[in-house]
There are 2 protein chains.
Amino acid sequence: MRKVDRQRLLRNLIQTHEIERQEDFVKLLQAEQIEVTQATISRDIKEMQLVKVPNADEGYHYSLPLEKKLDVKEKLRRTLRDAYVTHNQQDYFVVIKAHPGNAPAIASLLDQLQSEDIFGTIGGDDTVLIICKSEEQAKQLRVFIEDLLK
Amino acid sequence: MRKVDRQRLLRNLIQTHEIERQEDFVKLLQAEQIEVTQATISRDIKEMQLVKVPNADEGYHYSLPLEKKLDVKEKLRRTLRDAYVTHNQQDYFVVIKAHPGNAPAIASLLDQLQSEDIFGTIGGDDTVLIICKSEEQAKQLRVFIEDLLK
DNA sequence: GTTGAATACTAATTCAAA
DNA sequence: TTTGAATTAGTATTCAAC
């Protein structure tokens with residue numbers, strides 16, 4: 001496996017798992033038949049500028065770099081401002097309706113940004129369906145979106 | 001020295017110095033006659049949710065947490081939206097005029113967020129004078145403010 | 001609740017190898 | 001240039017004290 005591929009995988013793992021230690025990466029990769037050592041992960045993390053963030057309550061987790069996230073949020077704000085039509089939340093779903101063609105971009109930006117709350121997104125042409133991990137997190141996401149639109 | 005005061009100091013240090021290791025904090029505090037150990041700094045970092053970020057080129061530095069930065073920017077946006085009157089940039093200065101009483105909050109938020117460009121801020125009651133490190137950075141700050149107001 | 005000293009743990013780097 | 005094994009450097013936690 002190539003370095004770039006491994007790093008893409010790391011990016012995915014970080015979004016789908018709570019990674020507390022570099023060894024967690026090693027184990028998750030092992031589960032996919034990819035053998036690497038902690039040393040390699042450390043180098044990847046440096047290269048990708050991942051950071052280990054203290055959780056609000058306790059423990060730590062690895063996360064995407066700050067600047068990237070700031071940029072993503074700004075981009076999302078602008079996209080929504082230009083393309084937003086309506087949104088809605090029910091149970092652990094949030095639906096955003098946008099002008100035709102804009103849904104995939106919005107889905108992608110949400111994926112990049114809010115990954116802790118979001119289980120997955122499905123983008124049509126003008127509609128994004130966001131499946132959250134809980135109703136609570138769906139509410140948070142709704143508030144987050146409303147905040148962006150303010 | 002109280003914990004809160006020390007942590008406020010850490011917040012300042014992080015903005016004015018390139019902190020690579022927790023021991024750097026210890027030494028900088030020592031220089032101000034404050035004796036703490038690395039263990040305490042580690043606890044502070046966890047509590048304040050500071051993160052160690054890989055630099056683009058090489059090395060690492062401690063930084064404010066992503067969420068905090070996002071929040072600060074958001075807060076600044078709202079404060080400006082509510083309280084903004086005019087702004088102006090000349091040489092390496094930027095002046096923001098706001099409704100009476102709002103300048104200190106704006107100054108503080110700017111300090112927290114954009115510290116790389118900003119040498120210092122002086123807040124009156126309705127005016128913030130921001131001294132940047134160069135004219136170039138003053139221009140960047142102006143653009144940043146205009147972006148926030150869009 | 002807060003801290004330092006010692007320690008355990010985790011991450012970064014060195015060094016050799018391919 | 002990329003990697004693993006071993007090592008060093010750095011960070012988090014424990015434990016005792018206050």
# chains A, B, ... in the order shown; residues from 1 in each chain; ligands from 1
>>> residues_around(residues="segment 5-14 of chain C", least_positions_apart="5", cutoff="10 Å", atoms="only C-alpha atoms (C1' of nucleotides)", output="PyMOL selection string")
(chain A and resi 21-23+38-39+41-43+46) or (chain B and resi 37+39) or (chain D and resi 6-16)
>>> write_last_selection(atoms="C-alpha atoms (C1' of nucleotides)", output="short mmCIF file (atom, residue, chain, number, x, y, z; two decimals), in the first residue's frame")
data_model
loop_
_atom_site.label_atom_id
_atom_site.label_comp_id
_atom_site.auth_asym_id
_atom_site.auth_seq_id
_atom_site.Cartn_x
_atom_site.Cartn_y
_atom_site.Cartn_z
CA ARG A 21 -3.54 6.91 20.36
CA GLN A 22 -1.35 6.30 17.38
CA GLU A 23 -1.51 2.63 18.25
CA GLN A 38 3.62 3.46 15.27
CA ALA A 39 6.67 5.18 13.81
CA ILE A 41 1.82 6.68 11.85
CA SER A 42 3.72 9.33 13.71
CA ARG A 43 5.30 10.46 10.45
CA LYS A 46 3.13 15.06 11.17
CA THR B 37 6.33 21.84 36.67
CA ALA B 39 2.94 18.05 35.14
"C1'" DA D 6 14.99 0.50 18.86
"C1'" DT D 7 15.64 4.47 21.33
"C1'" DT D 8 14.96 9.00 23.00
"C1'" DA D 9 12.04 12.74 23.89
"C1'" DG D 10 7.95 14.38 25.47
"C1'" DT D 11 3.41 14.02 27.78
"C1'" DA D 12 -0.10 12.18 31.00
"C1'" DT D 13 -1.12 10.17 35.25
"C1'" DT D 14 -0.44 8.34 39.83
"C1'" DC D 15 0.38 9.03 44.31
"C1'" DA D 16 1.30 11.67 48.25
#
>>> interface_residues(of="chain D", to="chain A", cutoff="10 Å", atoms="only C-alpha atoms (C1' of nucleotides)", output="PyMOL selection string")
chain D and resi 2-5+12
>>> calpha_fit_rmsd(fixed="chain A", moving="chain B")
1.5 Å
>>> interface_residues(of="chain A", to="chain B", cutoff="12 Å", atoms="only C-alpha atoms", output="tab-separated table (two decimals) with all heavy atoms, in the first residue's frame")
chain	number	residue	atom	x	y	z
A	42	SER	N	3.23	8.06	13.20
A	42	SER	CA	3.72	9.33	13.71
A	42	SER	C	4.16	10.24	12.57
A	42	SER	O	3.85	11.43	12.56
A	42	SER	CB	4.89	9.08	14.67
A	42	SER	OG	5.48	10.30	15.06
A	43	ARG	N	4.86	9.67	11.60
A	43	ARG	CA	5.30	10.46	10.45
A	43	ARG	C	4.11	10.93	9.62
A	43	ARG	O	4.07	12.07	9.17
A	43	ARG	CB	6.24	9.63	9.59
A	43	ARG	CG	7.56	9.30	10.27
A	43	ARG	CD	8.50	8.58	9.34
A	43	ARG	NE	9.64	8.02	10.07
A	43	ARG	CZ	9.80	6.72	10.33
A	43	ARG	NH1	8.90	5.82	9.93
A	43	ARG	NH2	10.86	6.31	11.01
A	44	ASP	N	3.14	10.06	9.44
A	44	ASP	CA	1.94	10.45	8.70
A	44	ASP	C	1.24	11.61	9.39
A	44	ASP	O	0.84	12.59	8.75
A	44	ASP	CB	0.97	9.27	8.60
A	44	ASP	CG	1.43	8.24	7.57
A	44	ASP	OD1	2.23	8.60	6.69
A	44	ASP	OD2	1.00	7.08	7.66
A	45	ILE	N	1.09	11.48	10.68
A	45	ILE	CA	0.39	12.50	11.45
A	45	ILE	C	1.07	13.84	11.29
A	45	ILE	O	0.43	14.87	11.08
A	45	ILE	CB	0.32	12.08	12.93
A	45	ILE	CG1	-0.77	11.03	13.09
A	45	ILE	CG2	0.07	13.28	13.84
A	45	ILE	CD1	-0.82	10.39	14.45
A	46	LYS	N	2.37	13.82	11.35
A	46	LYS	CA	3.13	15.06	11.17
A	46	LYS	C	2.89	15.63	9.78
A	46	LYS	O	2.62	16.82	9.62
A	46	LYS	CB	4.61	14.79	11.40
A	46	LYS	CG	5.46	16.01	11.26
A	46	LYS	CD	6.85	15.77	11.77
A	46	LYS	CE	7.61	17.09	11.79
A	46	LYS	NZ	8.96	16.92	12.37
A	47	GLU	N	2.99	14.77	8.80
A	47	GLU	CA	2.85	15.21	7.41
A	47	GLU	C	1.44	15.74	7.14
A	47	GLU	O	1.26	16.75	6.45
A	47	GLU	CB	3.15	14.03	6.50
A	47	GLU	CG	3.61	14.43	5.11
A	47	GLU	CD	4.10	13.22	4.33
A	47	GLU	OE1	4.85	12.40	4.92
A	47	GLU	OE2	3.72	13.09	3.15
A	48	MET	N	0.44	15.08	7.70
A	48	MET	CA	-0.94	15.49	7.48
A	48	MET	C	-1.37	16.59	8.46
A	48	MET	O	-2.48	17.09	8.38
A	48	MET	CB	-1.86	14.29	7.67
A	48	MET	CG	-1.57	13.13	6.73
A	48	MET	SD	-2.43	11.63	7.28
A	48	MET	CE	-4.15	12.06	6.94
A	49	GLN	N	-0.48	16.90	9.38
A	49	GLN	CA	-0.77	17.92	10.40
A	49	GLN	C	-2.00	17.60	11.24
A	49	GLN	O	-2.78	18.49	11.60
A	49	GLN	CB	-0.91	19.30	9.76
A	49	GLN	CG	0.40	19.80	9.16
A	49	GLN	CD	0.28	21.21	8.61
A	49	GLN	OE1	-0.07	21.40	7.45
A	49	GLN	NE2	0.52	22.20	9.44
A	50	LEU	N	-2.19	16.33	11.50
A	50	LEU	CA	-3.26	15.96	12.42
A	50	LEU	C	-2.88	16.40	13.84
A	50	LEU	O	-1.70	16.52	14.16
A	50	LEU	CB	-3.48	14.44	12.41
A	50	LEU	CG	-3.80	13.82	11.05
A	50	LEU	CD1	-4.11	12.34	11.21
A	50	LEU	CD2	-4.97	14.53	10.39
A	51	VAL	N	-3.89	16.62	14.65
A	51	VAL	CA	-3.62	17.02	16.03
A	51	VAL	C	-4.36	16.14	17.02
A	51	VAL	O	-5.41	15.59	16.71
A	51	VAL	CB	-4.02	18.49	16.28
A	51	VAL	CG1	-3.14	19.42	15.48
A	51	VAL	CG2	-5.48	18.72	15.97
A	52	LYS	N	-3.77	16.04	18.18
A	52	LYS	CA	-4.39	15.29	19.28
A	52	LYS	C	-5.08	16.31	20.17
A	52	LYS	O	-4.43	17.15	20.78
A	52	LYS	CB	-3.28	14.56	20.03
A	52	LYS	CG	-3.74	13.52	21.01
A	52	LYS	CD	-2.52	12.85	21.62
A	52	LYS	CE	-2.78	12.17	22.92
A	52	LYS	NZ	-1.51	11.74	23.55
A	53	VAL	N	-6.37	16.22	20.24
A	53	VAL	CA	-7.18	17.22	20.94
A	53	VAL	C	-7.69	16.66	22.26
A	53	VAL	O	-8.22	15.55	22.27
A	53	VAL	CB	-8.41	17.62	20.09
A	53	VAL	CG1	-9.12	18.81	20.69
A	53	VAL	CG2	-8.01	17.89	18.66
A	54	PRO	N	-7.53	17.39	23.32
A	54	PRO	CA	-8.17	16.97	24.58
A	54	PRO	C	-9.69	17.03	24.44
A	54	PRO	O	-10.22	18.03	23.95
A	54	PRO	CB	-7.69	18.02	25.59
A	54	PRO	CG	-6.49	18.66	24.98
A	54	PRO	CD	-6.73	18.61	23.49
A	55	ASN	N	-10.37	15.98	24.84
A	55	ASN	CA	-11.83	16.01	24.84
A	55	ASN	C	-12.36	16.94	25.92
A	55	ASN	O	-11.66	17.23	26.88
A	55	ASN	CB	-12.39	14.60	25.08
A	55	ASN	CG	-12.01	13.63	23.98
A	55	ASN	OD1	-11.84	14.04	22.83
A	55	ASN	ND2	-11.86	12.38	24.35
A	56	ALA	N	-13.60	17.35	25.74
A	56	ALA	CA	-14.22	18.23	26.73
A	56	ALA	C	-14.26	17.55	28.10
A	56	ALA	O	-13.90	18.13	29.11
A	56	ALA	CB	-15.63	18.61	26.29
A	57	ASP	N	-14.70	16.32	28.11
A	57	ASP	CA	-14.81	15.61	29.38
A	57	ASP	C	-13.50	14.95	29.79
A	57	ASP	O	-12.84	15.38	30.71
A	57	ASP	CB	-15.95	14.59	29.34
A	57	ASP	CG	-15.90	13.75	28.07
A	57	ASP	OD1	-15.26	14.19	27.09
A	57	ASP	OD2	-16.47	12.65	28.05
A	58	GLU	N	-13.12	13.91	29.08
A	58	GLU	CA	-11.83	13.29	29.41
A	58	GLU	C	-11.25	12.54	28.23
A	58	GLU	O	-11.95	12.16	27.32
A	58	GLU	CB	-11.94	12.39	30.64
A	58	GLU	CG	-12.56	11.03	30.38
A	58	GLU	CD	-12.28	10.09	31.55
A	58	GLU	OE1	-11.83	10.58	32.62
A	58	GLU	OE2	-12.49	8.89	31.41
A	59	GLY	N	-9.95	12.34	28.28
A	59	GLY	CA	-9.29	11.65	27.19
A	59	GLY	C	-8.88	12.60	26.06
A	59	GLY	O	-9.01	13.83	26.18
A	60	TYR	N	-8.40	12.01	25.00
A	60	TYR	CA	-7.91	12.76	23.85
A	60	TYR	C	-8.36	12.06	22.58
A	60	TYR	O	-8.65	10.87	22.60
A	60	TYR	CB	-6.37	12.80	23.88
A	60	TYR	CG	-5.79	13.46	25.11
A	60	TYR	CD1	-5.72	12.78	26.31
A	60	TYR	CD2	-5.32	14.76	25.06
A	60	TYR	CE1	-5.20	13.39	27.45
A	60	TYR	CE2	-4.79	15.38	26.17
A	60	TYR	CZ	-4.73	14.69	27.37
A	60	TYR	OH	-4.22	15.31	28.48
A	61	HIS	N	-8.40	12.79	21.50
A	61	HIS	CA	-8.64	12.14	20.22
A	61	HIS	C	-7.92	12.89	19.11
A	61	HIS	O	-7.73	14.11	19.21
A	61	HIS	CB	-10.14	12.04	19.92
A	61	HIS	CG	-10.77	13.37	19.63
A	61	HIS	ND1	-11.19	14.22	20.62
A	61	HIS	CD2	-11.04	14.00	18.46
A	61	HIS	CE1	-11.70	15.32	20.08
A	61	HIS	NE2	-11.61	15.22	18.78
A	62	TYR	N	-7.57	12.18	18.08
A	62	TYR	CA	-6.92	12.82	16.94
A	62	TYR	C	-7.97	13.47	16.05
A	62	TYR	O	-9.10	13.01	15.96
A	62	TYR	CB	-6.09	11.80	16.15
A	62	TYR	CG	-4.74	11.61	16.78
A	62	TYR	CD1	-4.50	10.58	17.67
A	62	TYR	CD2	-3.71	12.50	16.50
A	62	TYR	CE1	-3.25	10.42	18.27
A	62	TYR	CE2	-2.47	12.35	17.09
A	62	TYR	CZ	-2.24	11.31	17.97
A	62	TYR	OH	-1.01	11.17	18.56
A	63	SER	N	-7.55	14.57	15.43
A	63	SER	CA	-8.49	15.36	14.65
A	63	SER	C	-7.79	15.99	13.44
A	63	SER	O	-6.57	16.10	13.41
A	63	SER	CB	-9.06	16.46	15.55
A	63	SER	OG	-9.68	17.47	14.79
A	64	LEU	N	-8.60	16.38	12.47
A	64	LEU	CA	-8.05	17.10	11.33
A	64	LEU	C	-7.46	18.43	11.77
A	64	LEU	O	-7.83	18.95	12.81
A	64	LEU	CB	-9.15	17.35	10.30
A	64	LEU	CG	-9.71	16.12	9.60
A	64	LEU	CD1	-10.84	16.48	8.67
A	64	LEU	CD2	-8.60	15.41	8.82
A	65	PRO	N	-6.57	18.97	10.99
A	65	PRO	CA	-5.91	20.22	11.38
A	65	PRO	C	-6.86	21.41	11.41
A	65	PRO	O	-7.83	21.47	10.67
A	65	PRO	CB	-4.85	20.42	10.30
A	65	PRO	CG	-5.31	19.63	9.15
A	65	PRO	CD	-6.08	18.47	9.72
A	66	LEU	N	-6.56	22.34	12.30
A	66	LEU	CA	-7.43	23.48	12.56
A	66	LEU	C	-7.71	24.30	11.33
A	66	LEU	O	-8.85	24.61	11.03
A	66	LEU	CB	-6.76	24.40	13.58
A	66	LEU	CG	-6.14	23.76	14.80
A	66	LEU	CD1	-5.66	24.84	15.73
A	66	LEU	CD2	-7.16	22.89	15.49
A	67	GLU	N	-6.68	24.68	10.64
A	67	GLU	CA	-6.86	25.61	9.52
A	67	GLU	C	-7.81	25.02	8.49
A	67	GLU	O	-8.68	25.70	7.98
A	67	GLU	CB	-5.51	25.94	8.88
A	67	GLU	CG	-4.63	26.85	9.72
A	67	GLU	CD	-4.06	26.15	10.95
A	67	GLU	OE1	-4.07	24.89	10.96
A	67	GLU	OE2	-3.64	26.85	11.89
A	68	LYS	N	-7.63	23.75	8.24
A	68	LYS	CA	-8.51	23.08	7.30
A	68	LYS	C	-9.96	23.25	7.73
A	68	LYS	O	-10.82	23.59	6.93
A	68	LYS	CB	-8.17	21.59	7.22
A	68	LYS	CG	-6.83	21.30	6.60
A	68	LYS	CD	-6.96	20.97	5.12
A	68	LYS	CE	-5.66	21.23	4.38
A	68	LYS	NZ	-4.51	20.57	5.02
A	69	LYS	N	-10.22	23.03	9.00
A	69	LYS	CA	-11.60	23.09	9.47
A	69	LYS	C	-12.17	24.50	9.39
A	69	LYS	O	-13.31	24.70	9.03
A	69	LYS	CB	-11.68	22.58	10.91
A	69	LYS	CG	-11.67	21.07	11.00
A	69	LYS	CD	-12.34	20.61	12.28
A	69	LYS	CE	-12.45	19.10	12.33
A	69	LYS	NZ	-13.16	18.65	13.53
A	70	LEU	N	-11.35	25.49	9.74
A	70	LEU	CA	-11.80	26.88	9.64
A	70	LEU	C	-12.19	27.18	8.20
A	70	LEU	O	-13.21	27.78	7.93
A	70	LEU	CB	-10.68	27.83	10.07
A	70	LEU	CG	-10.49	28.01	11.58
A	70	LEU	CD1	-9.22	28.81	11.86
A	70	LEU	CD2	-11.67	28.72	12.20
A	71	ASP	N	-11.36	26.75	7.28
A	71	ASP	CA	-11.63	26.98	5.87
A	71	ASP	C	-12.91	26.30	5.44
A	71	ASP	O	-13.73	26.88	4.72
A	71	ASP	CB	-10.47	26.45	5.03
A	71	ASP	CG	-9.23	27.31	5.18
A	71	ASP	OD1	-9.35	28.38	5.81
A	71	ASP	OD2	-8.17	26.91	4.68
A	72	VAL	N	-13.06	25.08	5.88
A	72	VAL	CA	-14.24	24.31	5.49
A	72	VAL	C	-15.50	25.00	5.99
A	72	VAL	O	-16.47	25.16	5.25
A	72	VAL	CB	-14.16	22.88	6.06
A	72	VAL	CG1	-15.50	22.18	5.91
A	72	VAL	CG2	-13.07	22.09	5.34
A	73	LYS	N	-15.46	25.45	7.23
A	73	LYS	CA	-16.65	26.10	7.79
A	73	LYS	C	-17.01	27.36	6.99
A	73	LYS	O	-18.17	27.61	6.71
A	73	LYS	CB	-16.39	26.47	9.25
A	73	LYS	CG	-17.63	26.99	9.95
A	73	LYS	CD	-17.40	27.16	11.44
A	73	LYS	CE	-18.64	27.74	12.12
A	73	LYS	NZ	-18.45	27.94	13.55
A	74	GLU	N	-15.98	28.10	6.65
A	74	GLU	CA	-16.20	29.33	5.88
A	74	GLU	C	-16.79	29.01	4.52
A	74	GLU	O	-17.72	29.66	4.05
A	74	GLU	CB	-14.84	30.06	5.74
A	74	GLU	CG	-14.96	31.54	5.58
A	74	GLU	CD	-15.81	32.17	6.68
A	74	GLU	OE1	-15.59	31.92	7.89
A	74	GLU	OE2	-16.73	32.92	6.30
A	77	ARG	N	-20.35	28.07	4.91
A	77	ARG	CA	-21.16	29.26	5.13
A	77	ARG	C	-21.51	29.93	3.81
A	77	ARG	O	-22.65	30.26	3.53
A	77	ARG	CB	-20.40	30.24	6.02
A	77	ARG	CG	-21.22	31.49	6.36
A	77	ARG	CD	-20.35	32.58	6.93
A	77	ARG	NE	-19.57	32.14	8.07
A	77	ARG	CZ	-20.04	32.00	9.30
A	77	ARG	NH1	-21.29	32.28	9.55
A	77	ARG	NH2	-19.25	31.59	10.26
A	78	ARG	N	-20.50	30.08	2.97
A	78	ARG	CA	-20.73	30.78	1.70
A	78	ARG	C	-21.62	29.97	0.77
A	78	ARG	O	-22.50	30.52	0.13
A	78	ARG	CB	-19.38	31.04	1.04
A	78	ARG	CG	-18.60	31.98	1.90
A	78	ARG	CD	-17.49	32.69	1.22
A	78	ARG	NE	-16.95	33.62	2.22
A	78	ARG	CZ	-15.68	33.97	2.31
A	78	ARG	NH1	-14.81	33.51	1.45
A	78	ARG	NH2	-15.30	34.82	3.25
A	81	ARG	N	-25.07	30.21	2.05
A	81	ARG	CA	-25.63	31.55	1.85
A	81	ARG	C	-26.10	31.71	0.41
A	81	ARG	O	-27.11	32.33	0.13
A	81	ARG	CB	-24.60	32.62	2.20
A	81	ARG	CG	-25.24	33.99	2.34
A	81	ARG	CD	-24.30	34.98	2.97
A	81	ARG	NE	-22.95	34.74	2.47
A	81	ARG	CZ	-21.86	34.96	3.17
A	81	ARG	NH1	-21.94	35.41	4.40
A	81	ARG	NH2	-20.68	34.74	2.64
A	113	LEU	N	-16.45	18.59	8.01
A	113	LEU	CA	-16.42	19.44	9.20
A	113	LEU	C	-16.95	18.81	10.47
A	113	LEU	O	-16.31	18.79	11.51
A	113	LEU	CB	-17.23	20.70	8.92
A	113	LEU	CG	-17.12	21.73	10.04
A	113	LEU	CD1	-15.72	22.29	10.10
A	113	LEU	CD2	-18.13	22.82	9.86
A	114	GLN	N	-18.16	18.28	10.36
A	114	GLN	CA	-18.94	17.98	11.57
A	114	GLN	C	-18.92	16.50	11.88
A	114	GLN	O	-19.84	15.99	12.50
A	114	GLN	CB	-20.40	18.41	11.32
A	114	GLN	CG	-20.65	19.86	11.55
A	114	GLN	CD	-20.84	20.13	13.03
A	114	GLN	OE1	-21.58	19.44	13.69
A	114	GLN	NE2	-20.14	21.12	13.55
A	144	PHE	N	-26.29	24.40	14.47
A	144	PHE	CA	-25.05	24.78	13.79
A	144	PHE	C	-25.37	25.40	12.42
A	144	PHE	O	-24.82	26.44	12.05
A	144	PHE	CB	-24.17	23.54	13.65
A	144	PHE	CG	-22.94	23.75	12.83
A	144	PHE	CD1	-21.83	24.40	13.37
A	144	PHE	CD2	-22.88	23.31	11.52
A	144	PHE	CE1	-20.69	24.60	12.61
A	144	PHE	CE2	-21.74	23.50	10.75
A	144	PHE	CZ	-20.64	24.15	11.30
A	147	ASP	N	-27.00	28.75	12.80
A	147	ASP	CA	-25.97	29.71	13.16
A	147	ASP	C	-25.22	30.21	11.94
A	147	ASP	O	-24.95	31.40	11.79
A	147	ASP	CB	-24.96	29.06	14.12
A	147	ASP	CG	-25.31	29.35	15.56
A	147	ASP	OD1	-26.47	29.74	15.83
A	147	ASP	OD2	-24.42	29.20	16.42
A	148	LEU	N	-24.90	29.29	11.08
A	148	LEU	CA	-24.16	29.66	9.87
A	148	LEU	C	-24.97	30.62	9.01
A	148	LEU	O	-24.42	31.49	8.35
A	148	LEU	CB	-23.85	28.41	9.04
A	148	LEU	CG	-22.65	27.57	9.44
A	148	LEU	CD1	-22.47	26.45	8.45
A	148	LEU	CD2	-21.39	28.42	9.50
A	149	LEU	N	-26.27	30.44	9.03
A	149	LEU	CA	-27.13	31.22	8.15
A	149	LEU	C	-27.45	32.61	8.71
A	149	LEU	O	-27.92	33.48	7.99
A	149	LEU	CB	-28.44	30.47	7.90
A	149	LEU	CG	-28.31	29.21	7.03
A	149	LEU	CD1	-29.56	28.37	7.10
A	149	LEU	CD2	-28.01	29.60	5.58
A	150	LYS	N	-27.19	32.76	10.00
A	150	LYS	CA	-27.53	34.04	10.64
A	150	LYS	C	-26.78	35.21	10.03
A	150	LYS	O	-25.58	35.11	9.80
A	150	LYS	CB	-27.19	33.95	12.13
A	150	LYS	CG	-28.40	33.59	12.97
A	150	LYS	CD	-28.02	33.58	14.45
A	150	LYS	CE	-28.99	32.70	15.24
A	150	LYS	NZ	-28.38	32.24	16.49
>>> closest_atom_pairs(of="chain C", to="chain B", cutoff="9 Å", atoms="only C-alpha atoms (C1' of nucleotides)", output="Markdown table")
| residue | atom | partner | partner_atom | distance |
| --- | --- | --- | --- | --- |
| C:DT2 | C1' | B:Lys3 | CA | 8.2 |
| C:DT3 | C1' | B:Thr40 | CA | 7.0 |
| C:DG4 | C1' | B:Thr37 | CA | 6.7 |
>>> write_last_selection(atoms="all heavy atoms", output="PDB file, in the first residue's frame")
ATOM      1  P    DT C   2      -8.808  23.494  41.106  1.00  0.00           P
ATOM      2  OP1  DT C   2      -8.964  24.896  40.693  1.00  0.00           O
ATOM      3  OP2  DT C   2      -9.066  22.384  40.175  1.00  0.00           O
ATOM      4  O5'  DT C   2      -7.320  23.325  41.670  1.00  0.00           O
ATOM      5  C5'  DT C   2      -6.806  24.292  42.582  1.00  0.00           C
ATOM      6  C4'  DT C   2      -5.366  23.957  42.869  1.00  0.00           C
ATOM      7  O4'  DT C   2      -5.280  22.769  43.677  1.00  0.00           O
ATOM      8  C3'  DT C   2      -4.521  23.692  41.623  1.00  0.00           C
ATOM      9  O3'  DT C   2      -3.428  24.601  41.662  1.00  0.00           O
ATOM     10  C2'  DT C   2      -4.107  22.232  41.733  1.00  0.00           C
ATOM     11  C1'  DT C   2      -4.212  21.979  43.226  1.00  0.00           C
ATOM     12  N1   DT C   2      -4.528  20.590  43.642  1.00  0.00           N
ATOM     13  C2   DT C   2      -3.679  19.947  44.518  1.00  0.00           C
ATOM     14  O2   DT C   2      -2.666  20.448  44.967  1.00  0.00           O
ATOM     15  N3   DT C   2      -4.067  18.671  44.861  1.00  0.00           N
ATOM     16  C4   DT C   2      -5.184  17.999  44.421  1.00  0.00           C
ATOM     17  O4   DT C   2      -5.424  16.856  44.806  1.00  0.00           O
ATOM     18  C5   DT C   2      -6.026  18.726  43.500  1.00  0.00           C
ATOM     19  C7   DT C   2      -7.262  18.074  42.972  1.00  0.00           C
ATOM     20  C6   DT C   2      -5.661  19.968  43.163  1.00  0.00           C
ATOM     21  P    DT C   3      -2.367  24.614  40.511  1.00  0.00           P
ATOM     22  OP1  DT C   3      -1.814  25.974  40.486  1.00  0.00           O
ATOM     23  OP2  DT C   3      -2.952  23.978  39.309  1.00  0.00           O
ATOM     24  O5'  DT C   3      -1.249  23.634  41.080  1.00  0.00           O
ATOM     25  C5'  DT C   3      -0.441  24.074  42.166  1.00  0.00           C
ATOM     26  C4'  DT C   3       0.447  22.942  42.603  1.00  0.00           C
ATOM     27  O4'  DT C   3      -0.372  21.807  42.925  1.00  0.00           O
ATOM     28  C3'  DT C   3       1.378  22.425  41.510  1.00  0.00           C
ATOM     29  O3'  DT C   3       2.629  23.056  41.694  1.00  0.00           O
ATOM     30  C2'  DT C   3       1.460  20.914  41.776  1.00  0.00           C
ATOM     31  C1'  DT C   3       0.460  20.684  42.888  1.00  0.00           C
ATOM     32  N1   DT C   3      -0.435  19.504  42.748  1.00  0.00           N
ATOM     33  C2   DT C   3      -0.225  18.418  43.552  1.00  0.00           C
ATOM     34  O2   DT C   3       0.689  18.354  44.375  1.00  0.00           O
ATOM     35  N3   DT C   3      -1.107  17.375  43.361  1.00  0.00           N
ATOM     36  C4   DT C   3      -2.163  17.348  42.463  1.00  0.00           C
ATOM     37  O4   DT C   3      -2.884  16.366  42.385  1.00  0.00           O
ATOM     38  C5   DT C   3      -2.322  18.523  41.654  1.00  0.00           C
ATOM     39  C7   DT C   3      -3.431  18.577  40.646  1.00  0.00           C
ATOM     40  C6   DT C   3      -1.467  19.532  41.821  1.00  0.00           C
ATOM     41  P    DG C   4       3.815  22.754  40.732  1.00  0.00           P
ATOM     42  OP1  DG C   4       4.759  23.896  40.824  1.00  0.00           O
ATOM     43  OP2  DG C   4       3.286  22.315  39.428  1.00  0.00           O
ATOM     44  O5'  DG C   4       4.473  21.510  41.466  1.00  0.00           O
ATOM     45  C5'  DG C   4       4.896  21.651  42.812  1.00  0.00           C
ATOM     46  C4'  DG C   4       5.764  20.485  43.224  1.00  0.00           C
ATOM     47  O4'  DG C   4       4.951  19.293  43.325  1.00  0.00           O
ATOM     48  C3'  DG C   4       6.889  20.119  42.269  1.00  0.00           C
ATOM     49  O3'  DG C   4       7.939  19.581  43.066  1.00  0.00           O
ATOM     50  C2'  DG C   4       6.239  19.076  41.351  1.00  0.00           C
ATOM     51  C1'  DG C   4       5.333  18.342  42.335  1.00  0.00           C
ATOM     52  N9   DG C   4       4.077  17.819  41.796  1.00  0.00           N
ATOM     53  C8   DG C   4       3.284  18.371  40.827  1.00  0.00           C
ATOM     54  N7   DG C   4       2.190  17.687  40.582  1.00  0.00           N
ATOM     55  C5   DG C   4       2.267  16.612  41.450  1.00  0.00           C
ATOM     56  C6   DG C   4       1.380  15.529  41.647  1.00  0.00           C
ATOM     57  O6   DG C   4       0.311  15.304  41.075  1.00  0.00           O
ATOM     58  N1   DG C   4       1.839  14.647  42.618  1.00  0.00           N
ATOM     59  C2   DG C   4       3.008  14.805  43.323  1.00  0.00           C
ATOM     60  N2   DG C   4       3.280  13.859  44.211  1.00  0.00           N
ATOM     61  N3   DG C   4       3.852  15.819  43.151  1.00  0.00           N
ATOM     62  C4   DG C   4       3.423  16.676  42.205  1.00  0.00           C
TER      63       DG C   4
END
>>> residues_around(residues="Gln15 of chain B", least_positions_apart="2", cutoff="10 Å", atoms="only C-alpha atoms (C1' of nucleotides)", output="PyMOL selection string")
chain B and resi 9-13+17-19+62-64+111-116+118
>>> select_by_dssp(residues="chain B", states="helix (DSSP H, G or I)", output="PyMOL selection string")
chain B and resi 3-16+22-30+38-48+66-83+103-113+135-149
>>> atom_distance(atom1="atom CA of Ile130 of chain A", atom2="atom CA of Gly101 of chain A")
16.8 Å
>>> atom_distance(atom1="atom CA of Asp82 of chain B", atom2="atom CA of Val94 of chain B")
19.1 Å
>>> residues_around(residues="Asp91 of chain A", least_positions_apart="6", cutoff="8 Å", atoms="only C-alpha atoms (C1' of nucleotides)", output="MDAnalysis selection string")
chainID A and resid 134:135 138
>>> atom_distance(atom1="atom CA of Val85 of chain A", atom2="atom CA of Lys97 of chain A")
5.3 Å
>>> residues_around(residues="segment 124-129 of chain B", least_positions_apart="5", cutoff="12 Å", atoms="only C-alpha atoms (C1' of nucleotides)", output="NGL selection string")
:B and (80 or 83-90 or 92-111 or 118-119 or 138)
